[in-house]
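Peer 1: Sharing coords-v9.csv, CSV, C-alpha atoms:
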```csv
chain,number,residue,atom,x,y,z
A,1,GLN,CA,98.6,100.1,63.2
A,2,VAL,CA,100.2,100.3,66.7
A,3,SER,CA,98.1,101.6,69.5
A,4,LEU,CA,99.0,102.4,73.1
A,5,GLU,CA,97.5,99.8,75.4
A,6,LYS,CA,99.1,100.3,78.8
A,7,VAL,CA,101.7,102.6,80.4
A,8,LEU,CA,103.8,101.1,83.2
A,9,GLY,CA,105.2,104.2,84.9
A,10,VAL,CA,104.4,107.6,86.2
A,11,SER,CA,106.3,110.9,86.0
A,12,THR,CA,104.4,112.8,88.7
A,13,ALA,CA,107.0,115.0,90.5
A,14,SER,CA,104.8,117.3,92.7
A,15,SER,CA,101.4,117.8,94.1
A,16,SER,CA,100.2,119.4,90.8
A,17,GLY,CA,100.9,116.1,88.9
A,18,LEU,CA,97.9,114.1,90.1
A,19,THR,CA,94.1,114.8,89.8
A,20,CYS,CA,90.8,113.0,90.2
A,21,ASN,CA,87.6,113.5,88.2
A,22,PRO,CA,85.0,114.5,90.9
A,23,LYS,CA,82.1,113.0,88.9
A,24,SER,CA,83.5,109.6,87.6
A,25,GLY,CA,86.4,108.9,90.0
A,26,LEU,CA,88.8,108.7,87.0
A,27,ILE,CA,92.4,109.3,88.1
A,28,ALA,CA,94.8,111.2,85.8
A,29,TYR,CA,98.6,111.5,86.1
A,30,PRO,CA,101.4,112.2,83.6
A,31,ALA,CA,103.8,109.6,82.2
A,32,GLY,CA,106.2,111.6,80.0
A,33,CYS,CA,104.2,112.9,77.0
A,34,VAL,CA,101.2,110.7,77.9
A,35,ILE,CA,98.4,111.3,80.3
A,36,VAL,CA,97.2,108.1,81.9
A,37,LEU,CA,93.5,108.0,82.8
A,38,LEU,CA,93.1,105.2,85.3
A,39,HIS,CA,90.0,103.4,86.4
A,40,PRO,CA,91.2,102.0,89.7
A,41,LYS,CA,88.3,99.6,90.4
A,42,LYS,CA,88.6,98.1,86.9
A,43,ASN,CA,92.4,98.3,86.6
A,44,LYS,CA,91.9,99.8,83.1
A,45,GLN,CA,93.7,102.6,81.4
A,46,ASN,CA,92.9,105.2,78.7
A,47,HIS,CA,95.4,107.7,77.4
A,48,ILE,CA,95.9,111.2,76.1
A,49,ILE,CA,99.0,111.6,73.9
A,50,ASN,CA,100.6,114.9,73.4
A,51,THR,CA,101.2,115.4,69.7
A,52,SER,CA,103.9,118.0,70.4
A,53,ARG,CA,105.9,115.3,72.3
A,54,LYS,CA,106.6,117.7,75.2
A,55,PRO,CA,106.4,116.0,78.6
A,56,PHE,CA,103.3,116.9,80.7
A,57,SER,CA,104.2,118.6,84.0
A,58,THR,CA,100.8,119.4,85.6
A,59,LEU,CA,97.1,118.6,85.1
A,60,ALA,CA,93.7,119.2,86.7
A,61,PHE,CA,90.1,118.1,86.1
A,62,SER,CA,87.3,120.6,85.8
A,63,HIS,CA,84.7,120.5,88.6
A,64,ASP,CA,82.0,119.3,86.2
A,65,GLY,CA,84.2,116.4,85.2
A,66,LYS,CA,84.0,117.0,81.5
A,67,HIS,CA,87.4,118.6,80.8
A,68,LEU,CA,91.1,118.1,81.7
A,69,VAL,CA,93.7,120.9,81.6
A,70,THR,CA,97.3,120.1,81.2
A,71,GLY,CA,100.6,122.0,81.3
A,72,GLU,CA,103.9,121.1,79.6
A,73,SER,CA,107.6,121.5,80.3
A,74,GLY,CA,110.1,122.6,77.7
A,75,HIS,CA,110.6,125.7,75.5
A,76,MET,CA,107.4,127.6,74.7
A,77,PRO,CA,105.0,125.2,76.4
A,78,CYS,CA,101.2,125.1,75.9
A,79,VAL,CA,98.4,124.9,78.3
A,80,ARG,CA,95.8,122.6,76.7
A,81,VAL,CA,92.2,121.7,77.4
A,82,TRP,CA,91.0,118.2,76.6
A,83,GLU,CA,87.4,117.1,76.5
A,84,LEU,CA,87.1,113.5,77.7
A,85,GLY,CA,86.4,111.2,74.8
A,86,ARG,CA,86.8,113.8,72.2
A,87,GLY,CA,90.4,115.2,72.4
A,88,GLN,CA,91.9,118.7,72.6
A,89,VAL,CA,89.5,121.6,72.4
A,90,ALA,CA,91.6,124.6,73.3
A,91,GLU,CA,95.2,125.7,73.9
A,92,ALA,CA,97.1,128.8,75.0
A,93,GLN,CA,100.8,129.6,75.0
A,94,THR,CA,101.5,132.1,77.7
A,95,HIS,CA,104.7,130.7,79.3
A,96,LYS,CA,108.2,130.4,78.0
A,97,TYR,CA,110.0,127.7,79.9
A,98,GLY,CA,107.4,125.3,81.5
A,99,VAL,CA,104.1,125.2,83.4
A,100,SER,CA,104.4,124.5,87.1
A,101,CYS,CA,100.7,124.2,88.0
A,102,VAL,CA,97.2,124.7,86.6
A,103,ALA,CA,93.7,124.7,88.0
A,104,PHE,CA,90.1,125.2,86.8
A,105,SER,CA,87.8,127.7,88.5
A,106,THR,CA,84.9,126.0,90.3
A,107,ASN,CA,82.5,127.1,87.6
A,108,SER,CA,84.9,125.7,85.0
A,109,CYS,CA,84.9,129.0,83.1
A,110,TYR,CA,88.5,130.0,83.9
A,111,ILE,CA,91.9,128.4,84.1
A,112,VAL,CA,94.8,129.7,86.1
A,113,SER,CA,98.3,128.6,85.0
A,114,VAL,CA,101.7,129.4,86.7
A,115,GLY,CA,105.0,129.2,84.9
A,116,TYR,CA,108.3,127.9,86.1
A,117,GLN,CA,110.3,130.2,88.3
A,118,HIS,CA,112.3,131.8,85.5
A,119,ASP,CA,109.0,132.4,83.6
A,120,MET,CA,107.7,134.5,86.5
A,121,THR,CA,104.1,134.6,85.1
A,122,VAL,CA,100.7,133.7,86.5
A,123,SER,CA,97.8,134.0,84.0
A,124,VAL,CA,94.0,133.6,84.0
A,125,TRP,CA,92.5,132.3,80.8
A,126,ASP,CA,88.9,132.3,79.6
A,127,TRP,CA,89.5,129.1,77.7
A,128,ARG,CA,86.2,129.0,75.8
A,129,LYS,CA,86.8,132.5,74.4
A,130,GLY,CA,90.5,131.9,73.9
A,131,ALA,CA,91.4,135.1,75.8
A,132,ILE,CA,93.9,135.8,78.6
A,133,ILE,CA,91.9,138.1,80.9
A,134,ALA,CA,94.4,138.8,83.6
A,135,SER,CA,98.1,138.2,84.3
A,136,ASN,CA,100.9,139.3,86.6
A,137,LYS,CA,104.5,138.5,87.6
A,138,VAL,CA,105.5,136.3,90.5
A,139,SER,CA,109.1,136.2,91.5
A,140,SER,CA,109.0,133.1,93.8
A,141,ARG,CA,108.9,129.5,92.7
A,142,VAL,CA,105.3,128.4,92.8
A,143,LEU,CA,104.5,124.8,93.7
A,144,ALA,CA,100.7,124.7,94.0
A,145,VAL,CA,97.5,126.6,93.2
A,146,SER,CA,93.9,126.3,94.3
A,147,PHE,CA,90.6,128.1,93.4
A,148,SER,CA,88.1,129.2,96.0
A,149,GLN,CA,84.7,127.7,96.0
A,150,ASP,CA,83.0,131.0,95.0
A,151,ASN,CA,85.5,131.6,92.1
A,152,SER,CA,86.3,135.1,93.5
A,153,TYR,CA,90.0,134.3,94.1
A,154,PHE,CA,92.7,131.7,93.9
A,155,VAL,CA,95.8,131.0,96.0
A,156,THR,CA,99.3,130.2,95.0
A,157,ALA,CA,101.9,128.6,97.3
A,158,GLY,CA,105.7,128.2,97.0
A,159,ASN,CA,109.0,129.3,98.3
A,160,ARG,CA,108.4,131.9,101.0
A,161,HIS,CA,105.2,132.6,99.1
A,162,LEU,CA,101.5,132.3,99.8
A,163,LYS,CA,99.4,134.8,97.8
A,164,PHE,CA,95.7,135.4,97.3
A,165,TRP,CA,94.8,136.6,93.8
A,166,TYR,CA,91.4,138.4,93.4
A,167,LEU,CA,89.5,137.9,90.1
A,168,ASP,CA,86.6,140.2,90.9
A,169,ALA,CA,88.9,143.2,91.4
A,170,SER,CA,90.8,142.3,88.2
A,171,ARG,CA,87.6,142.0,86.2
A,172,GLU,CA,86.3,145.4,87.3
A,173,ARG,CA,89.4,146.9,85.6
A,174,ARG,CA,89.1,144.9,82.4
A,175,VAL,CA,87.6,146.3,79.2
A,176,ASN,CA,88.8,144.4,76.2
A,177,SER,CA,92.4,143.6,77.1
A,178,THR,CA,94.5,141.7,79.6
A,179,VAL,CA,94.7,143.5,83.0
A,180,PRO,CA,97.1,143.0,85.9
A,181,LEU,CA,96.0,140.4,88.4
A,182,ILE,CA,95.4,141.9,91.9
A,183,GLY,CA,97.3,139.9,94.5
A,184,ARG,CA,97.7,140.1,98.3
A,185,SER,CA,100.2,138.1,100.3
A,186,GLY,CA,99.1,136.0,103.1
A,187,LEU,CA,100.0,137.3,106.6
A,188,LEU,CA,102.5,134.6,107.6
A,189,GLY,CA,103.9,136.0,110.8
A,190,ASP,CA,106.8,133.8,112.1
A,191,HIS,CA,106.4,131.5,109.1
A,192,LYS,CA,107.4,134.1,106.4
A,193,ASN,CA,110.5,132.1,105.4
A,194,SER,CA,108.7,128.8,105.0
A,195,VAL,CA,108.3,126.8,101.8
A,196,PHE,CA,104.6,126.3,101.3
A,197,SER,CA,104.6,123.1,99.3
A,198,GLY,CA,100.8,122.5,99.0
A,199,VAL,CA,97.6,124.6,99.2
A,200,ALA,CA,93.9,123.9,99.1
A,201,CYS,CA,90.9,126.2,99.5
A,202,GLY,CA,88.2,125.0,101.8
A,203,ARG,CA,84.9,123.4,100.8
A,204,GLY,CA,81.4,123.5,102.2
A,205,LEU,CA,81.1,125.2,105.6
A,206,MET,CA,84.9,125.8,105.5
A,207,ALA,CA,84.8,127.6,102.1
A,208,SER,CA,86.3,130.8,103.5
A,209,SER,CA,89.4,129.0,104.8
A,210,THR,CA,92.6,128.1,103.1
A,211,TYR,CA,94.9,125.3,104.1
A,212,SER,CA,98.6,124.9,103.3
A,213,VAL,CA,101.4,122.6,104.3
A,214,THR,CA,105.1,123.6,104.6
A,215,SER,CA,108.1,121.6,103.7
A,216,SER,CA,109.1,121.7,107.4
A,217,GLY,CA,106.0,119.7,108.3
A,218,LEU,CA,103.3,122.2,109.4
A,219,LEU,CA,99.6,122.2,108.5
A,220,CYS,CA,98.4,125.9,108.4
A,221,LEU,CA,95.0,127.4,108.4
A,222,PHE,CA,94.4,130.8,106.9
A,223,ASN,CA,91.1,132.7,107.3
A,224,ARG,CA,89.2,134.9,104.9
A,225,SER,CA,91.4,137.9,105.9
A,226,ARG,CA,94.5,136.0,104.8
A,227,ASN,CA,95.7,135.7,108.4
A,228,LEU,CA,97.4,132.6,109.6
A,229,GLU,CA,94.8,131.6,112.2
A,230,ALA,CA,96.2,128.3,113.4
A,231,TRP,CA,98.8,125.6,112.6
A,232,VAL,CA,99.6,122.1,113.7
A,233,ASP,CA,102.8,120.1,113.7
A,234,LEU,CA,102.5,117.1,111.4
A,235,LYS,CA,105.3,115.3,113.2
A,236,THR,CA,107.2,114.5,110.1
A,237,ALA,CA,110.5,115.4,108.5
A,238,ALA,CA,108.7,117.1,105.6
A,239,ALA,CA,105.3,117.6,104.0
A,240,SER,CA,104.8,118.0,100.3
A,241,CYS,CA,101.0,118.0,99.4
A,242,LEU,CA,97.5,118.0,100.7
A,243,VAL,CA,93.9,117.6,99.5
A,244,VAL,CA,90.7,118.6,101.3
A,245,SER,CA,87.1,117.5,101.4
A,246,GLU,CA,84.3,119.2,103.2
A,247,ASP,CA,85.2,117.4,106.5
A,248,LEU,CA,88.8,116.1,106.2
A,249,ILE,CA,92.3,117.2,105.3
A,250,PHE,CA,94.8,114.6,103.9
A,251,CYS,CA,98.4,115.6,104.2
A,252,GLY,CA,101.1,113.8,102.3
A,253,CYS,CA,104.4,113.5,104.3
A,254,ALA,CA,107.8,112.0,104.3
A,255,ASP,CA,108.5,108.3,104.9
A,256,GLY,CA,105.1,107.2,103.4
A,257,ALA,CA,102.9,108.9,106.0
A,258,ILE,CA,99.5,110.4,105.2
A,259,ARG,CA,98.1,112.3,108.2
A,260,VAL,CA,94.4,113.0,108.4
A,261,PHE,CA,92.9,116.0,110.2
A,262,GLY,CA,89.4,117.5,110.5
A,263,SER,CA,88.9,120.6,108.4
A,264,SER,CA,86.9,122.6,111.0
A,265,GLY,CA,89.5,122.7,113.8
A,266,LEU,CA,92.6,120.9,112.6
A,267,GLN,CA,91.9,118.1,115.0
A,268,TYR,CA,93.9,114.9,114.4
A,269,VAL,CA,91.9,112.0,113.0
A,270,SER,CA,94.4,109.2,112.0
A,271,THR,CA,97.4,108.2,110.0
A,272,LEU,CA,96.9,105.9,107.0
A,273,GLN,CA,98.7,102.7,106.5
A,274,ARG,CA,102.1,103.2,104.9
A,275,PRO,CA,103.0,101.7,101.5
A,276,HIS,CA,105.7,99.0,100.9
A,277,ARG,CA,109.0,99.2,102.6
A,278,LEU,CA,112.1,100.3,100.6
A,279,GLY,CA,114.9,97.9,100.1
A,280,VAL,CA,112.8,94.8,100.7
A,281,ASP,CA,112.7,91.8,98.3
A,282,LEU,CA,108.9,91.6,97.8
A,283,THR,CA,109.1,88.0,96.7
A,284,GLN,CA,110.7,86.9,100.0
A,285,SER,CA,109.1,89.2,102.6
A,286,ALA,CA,105.6,89.7,103.8
A,287,PRO,CA,104.4,93.1,102.7
A,288,HIS,CA,103.9,94.3,106.3
A,289,GLY,CA,105.9,91.7,108.3
A,290,PRO,CA,108.9,92.3,110.5
A,291,PRO,CA,111.4,94.8,109.0
A,292,PRO,CA,114.8,93.7,107.7
A,293,ASP,CA,118.0,94.6,109.5
A,294,GLY,CA,118.1,98.3,110.2
A,295,PRO,CA,115.2,100.7,110.5
A,296,ALA,CA,112.4,100.4,108.0
A,297,ARG,CA,112.3,103.1,105.3
A,298,TYR,CA,109.3,104.1,103.2
A,299,PRO,CA,109.0,106.2,100.0
A,300,ASP,CA,108.0,109.9,100.5
A,301,THR,CA,104.5,110.9,99.5
A,302,VAL,CA,104.7,113.2,96.5
A,303,ALA,CA,101.0,113.9,95.6
A,304,VAL,CA,97.5,113.0,96.8
A,305,THR,CA,94.0,113.5,95.3
A,306,PHE,CA,90.6,112.6,96.6
A,307,ASP,CA,87.4,111.2,95.1
A,308,PRO,CA,84.6,112.7,97.3
A,309,THR,CA,81.9,110.5,95.9
A,310,ALA,CA,83.5,107.0,96.3
A,311,ARG,CA,85.7,108.4,99.1
A,312,LEU,CA,88.9,107.0,97.6
A,313,LEU,CA,92.3,108.6,98.2
A,314,THR,CA,95.0,108.2,95.6
A,315,SER,CA,98.7,108.8,96.5
A,316,VAL,CA,101.9,108.8,94.4
A,317,TYR,CA,105.2,108.2,96.1
A,318,ASN,CA,108.7,109.3,95.1
A,319,ASP,CA,109.7,105.7,94.1
A,320,HIS,CA,107.1,106.0,91.3
A,321,SER,CA,104.5,103.8,93.0
A,322,VAL,CA,100.7,104.6,92.9
A,323,TYR,CA,98.2,103.5,95.6
A,324,VAL,CA,94.5,104.0,95.9
A,325,TRP,CA,93.0,103.8,99.4
A,326,ASP,CA,89.4,103.2,100.4
A,327,VAL,CA,88.9,105.8,103.2
A,328,ARG,CA,85.1,105.5,103.7
A,329,ASP,CA,86.2,104.6,107.2
A,330,VAL,CA,89.3,106.8,107.6
A,331,ARG,CA,90.3,105.1,110.8
A,332,SER,CA,90.3,101.7,109.1
A,333,ALA,CA,91.3,102.4,105.5
A,334,CYS,CA,92.2,99.6,103.1
A,335,LYS,CA,94.0,99.4,99.9
A,336,LEU,CA,92.0,99.2,96.7
A,337,TYR,CA,94.8,99.3,94.1
A,338,SER,CA,98.5,99.6,93.8
A,339,ALA,CA,101.2,99.7,91.1
A,340,LEU,CA,104.9,99.6,91.7
A,341,TYR,CA,106.8,101.0,88.8
A,342,HIS,CA,110.5,101.5,88.1
A,343,SER,CA,111.8,104.6,89.9
A,344,SER,CA,114.7,105.2,87.5
A,345,CYS,CA,115.9,104.6,84.0
A,346,VAL,CA,114.8,101.4,82.3
A,347,TRP,CA,117.8,99.9,80.6
A,348,SER,CA,116.5,96.8,78.9
A,349,VAL,CA,113.3,95.0,78.0
A,350,GLU,CA,113.1,91.2,77.3
A,351,VAL,CA,110.0,89.5,76.1
A,352,TYR,CA,109.4,86.0,77.4
A,353,PRO,CA,109.3,83.7,74.3
A,354,GLU,CA,106.2,81.8,73.3
A,355,LEU,CA,107.2,78.2,73.0
A,356,SER,CA,105.1,75.4,71.6
A,357,GLY,CA,105.1,72.0,73.3
A,358,VAL,CA,106.9,73.2,76.3
A,359,SER,CA,105.5,73.8,79.8
A,360,LEU,CA,105.7,77.6,80.3
A,361,ALA,CA,107.2,79.0,83.5
A,362,LEU,CA,105.6,82.4,82.9
A,363,ALA,CA,102.3,83.5,81.5
A,364,PRO,CA,102.0,84.4,77.8
A,365,SER,CA,102.7,88.1,77.0
A,366,SER,CA,105.1,88.3,80.0
A,367,PHE,CA,108.2,90.4,79.8
A,368,LEU,CA,111.1,91.5,82.1
A,369,THR,CA,112.7,94.9,82.6
A,370,CYS,CA,115.9,96.0,84.3
A,371,SER,CA,116.5,99.5,85.6
A,372,SER,CA,119.1,101.7,87.2
A,373,ASP,CA,117.0,101.5,90.4
A,374,ASN,CA,118.8,98.1,90.9
A,375,THR,CA,115.7,96.0,90.2
A,376,ILE,CA,114.6,93.4,87.7
A,377,ARG,CA,110.9,93.2,87.3
A,378,LEU,CA,108.5,90.8,85.8
A,379,TRP,CA,105.4,92.1,84.1
A,380,HIS,CA,102.2,90.4,82.9
A,381,THR,CA,100.3,92.5,80.3
A,382,ASP,CA,97.4,90.0,80.5
A,383,PRO,CA,97.7,88.0,83.7
A,384,PRO,CA,95.8,84.8,84.2
A,385,THR,CA,92.7,84.8,86.4
A,386,GLY,CA,93.8,84.7,90.0
A,387,LEU,CA,97.4,85.8,89.4
A,388,ARG,CA,98.0,88.9,91.5
A,389,ASN,CA,100.9,90.9,92.6
A,390,GLN,CA,101.2,90.6,96.3
A,391,TYR,CA,100.5,94.4,96.6
A,392,SER,CA,97.4,94.4,94.4
A,393,HIS,CA,94.8,92.9,96.7
A,394,VAL,CA,92.8,94.6,99.4
A,395,ARG,CA,94.1,94.1,102.9
A,396,PRO,CA,92.9,95.9,106.1
A,397,ALA,CA,94.9,98.9,107.1
A,398,ARG,CA,96.5,99.3,110.5
A,399,THR,CA,96.2,102.9,111.3
A,400,ARG,CA,98.9,104.5,113.4
A,401,GLU,CA,97.4,106.0,116.5
A,402,GLN,CA,99.5,109.0,117.6
A,403,LYS,CA,98.8,111.6,120.3
A,404,TYR,CA,98.5,115.1,118.9
A,405,PRO,CA,98.1,118.4,120.8
A,406,GLY,CA,95.4,120.8,119.6
A,407,PRO,CA,96.3,123.3,116.9
A,408,ALA,CA,98.4,126.2,117.9
A,409,ALA,CA,97.0,129.7,117.5
A,410,ALA,CA,99.2,131.8,115.3
A,411,SER,CA,101.2,134.5,117.1
A,412,GLU,CA,100.1,138.0,116.6
```
Let me see the structure of the file written as structure tokens.

Peer 2:
Amino acid sequence: QVSLEKVLGVSTASSSGLTCNPKSGLIAYPAGCVIVLLHPKKNKQNHIINTSRKPFSTLAFSHDGKHLVTGESGHMPCVRVWELGRGQVAEAQTHKYGVSCVAFSTNSCYIVSVGYQHDMTVSVWDWRKGAIIASNKVSSRVLAVSFSQDNSYFVTAGNRHLKFWYLDASRERRVNSTVPLIGRSGLLGDHKNSVFSGVACGRGLMASSTYSVTSSGLLCLFNRSRNLEAWVDLKTAAASCLVVSEDLIFCGCADGAIRVFGSSGLQYVSTLQRPHRLGVDLTQSAPHGPPPDGPARYPDTVAVTFDPTARLLTSVYNDHSVYVWDVRDVRSACKLYSALYHSSCVWSVEVYPELSGVSLALAPSSFLTCSSDNTIRLWHTDPPTGLRNQYSHVRPARTREQKYPGPAAASE
């Protein structure tokens, strides 16, 4: 019998394609029709395989850490709930073309799912009872969703779209059937034409606040009245994702940048170390040495997630690389784990032969791959002790100090 041992790749395409178990620190991301469950400190993987063979498009852990919800792409996709260590425990089919994003309520009782743009549906599911309790249409493309800490509402973000959906008002109208979700748009002012690429509801003392980043590179703060209260320029060409803790906001930006701000006043804290440079021969160049000819380029940050217990930040970049950063001291963060996967189609795989009586140039179980990303890569499925990729060891970060003005108050 053949069993899946390791997946060397990631298909995370947006901020909704990466999540962290808040209890165990387990990281989950999609790789086609497989969910990879990564233990970064142990460099171990477990897997969830979709028996329908549809690719996973989005996923999120429950806040108690016991369950994982996933969404699929393709015709008539399912939203599935998995119990860790046990398998699938529930599913619902409420979308037609694909699932853009999913989220558990903070009490883990409800799941919100948003379909692709042509699906135009946002649904709330009582997954234990198998009932859709509320639903509505949304005409914009939705890129992210986040539940409030008190479970009373959730927020969706997307193209010229930031909307607050109120569950309490919807439940009051419900008897035994699905009722329309009650939604109210955020008051965006001069930013009404922005693309809101990421959203996160506040935690702790900032639970009444909502944070969002725009594709143009702004970090926005909304208050409990849905008003845009303040914003700050991230000084980047684009921003695609964010994650919040009780005290910090991590914003994933273009060119490998992750900016860190305080959650209470949007005050600038630091910028994390960037990942590897693009277009550099890793076997010939020091990871963070002088750049080659021309300006240095870095992969864009696609998704970030945060482990509040161990204070580890995981980031996925658009060249399909995965990094885990130790941010216990956010001004001197260091890398705990990294994996550099092919960023495009893999054309060929060649296994290194096991020869007897010959001095081996490569470790047993080694193999090589070539890809349309113009690279040939050598992999060790079971590397010898002490053999490490030059990007797999912990090295101190050099944070980028940058002067930031205070947050701007939104215009009336």

Peer 1: Point out the residue among A:Leu143, A:Leu167, A:Val69, A:Val89 with the least atom-to-atom distance to Arg128 (chain A), counting only C-alpha atoms.

Peer 2: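 Using only C-alpha atoms, Arg128 (chain A) sits closest to A:Val89.
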
Peer 1: Please measure the separation of CA of Val243 (chain A) and CA of Val112 (chain A), giving the value in Å to one decimal.

Peer 2: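 Value for the CA of Val243 (chain A)-CA of Val112 (chain A) distance: 18.1 Å.
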
Peer 1: Within 8 Å of region 10-23 of chain A, counting all atoms listed in the file, which residues show up once you throw out same-chain ones fewer than 6 positions away? Write them as a PyMOL selection string, please.

Peer 2: chain A and resi 29-32+57-65+100-102+143-144+198+240-242+302-309+316+318+320-321+341

Peer 1: Would you kindly return, as a count of residues only, each protein, DNA or RNA residue with an atom no farther than 12 Å from any atom of Met206 (chain A), considering all atoms listed in the file and excluding same-chain residues fewer than 3 positions away?

Peer 2: 25

Peer 1: Within 8 Å of (115.6, 103.6, 84.5) (file coordinates; all atoms listed in the file), which protein or nucleic acid residues are there? I'd like them as a list in words.

Peer 2: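 Residues with an atom close enough to that point: His342, Ser343, Ser344, Cys345, Val346, Trp347, Cys370, Ser371, Ser372 and Asp373 of chain A.
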
Peer 1: Please report the interatomic distance between CA of Asn50 (chain A) and CA of Thr70 (chain A) in Å with one decimal.

Peer 2: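 Value for the CA of Asn50 (chain A)-CA of Thr70 (chain A) distance: 9.9 Å.
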
Peer 1: Let me know the centre plus edge lengths, in Å and rounded to one decimal, of a box with edges along x, y and z that contains all listed atoms of region 292-309 of chain A and is padded by 3 Å on every side, as lines of an AutoDock Vina configuration file.

Peer 2:
```
center_x = 100.0
center_y = 103.8
center_z = 102.8
size_x = 42.2
size_y = 26.2
size_z = 21.4
```

Peer 1: Quick one: distance from CA of Leu188 (chain A) to CA of Val232 (chain A) in Å, one decimal?

Peer 2: 14.2 Å

Peer 1: For Gln117 (chain A), work out the shell of residues within 10 Å, counting all atoms listed in the file and skipping chain neighbours fewer than 2 positions away, then give it as a ChimeraX atom specification.

Peer 2: /A:97-100,114-115,119-121,138-143

Peer 1: Residues near region 36-41 of chain A, anyone? I mean within 6 Å using all atoms listed in the file, not counting same-chain ones fewer than 6 positions away, as number ranges by chain.

Peer 2: A: 26-29, 47

Peer 1: Considering all atoms listed in the file, can you say which of A:Val358, A:Val195, A:Val322, A:Ala339 comes closest to Leu218 (chain A)?

Peer 2: A:Val195

Peer 1: With all atoms listed in the file as the atoms that count, which of A:Leu313, A:Val327, A:Val34, A:Val213 lies nearest to Pro55 (chain A)?

Peer 2: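 Ranking A:Leu313, A:Val327, A:Val34, A:Val213 by distance to Pro55 (chain A), first place goes to A:Val34.
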
Peer 1: Tell me which of A:Gly130, A:Asp190, A:Val280, A:His67 sits closest to Ala296 (chain A), counting all atoms listed in the file.

Peer 2: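 When distances to Ala296 (chain A) are compared using all atoms listed in the file, the smallest one comes from A:Val280.
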
Peer 1: Using all atoms listed in the file, can you list as a ChimeraX atom specification the residues within 7 Å of (94.4, 110.5, 110.6)?

Peer 2: /A:259-261,268-272,330-331

Peer 1: Identify which of the residues A:Ala207, A:Val179, A:Leu312, A:Cys78 lies closest to Lys335 (chain A), counting all atoms listed in the file when measuring atom-to-atom distances.

Peer 2: A:Leu312
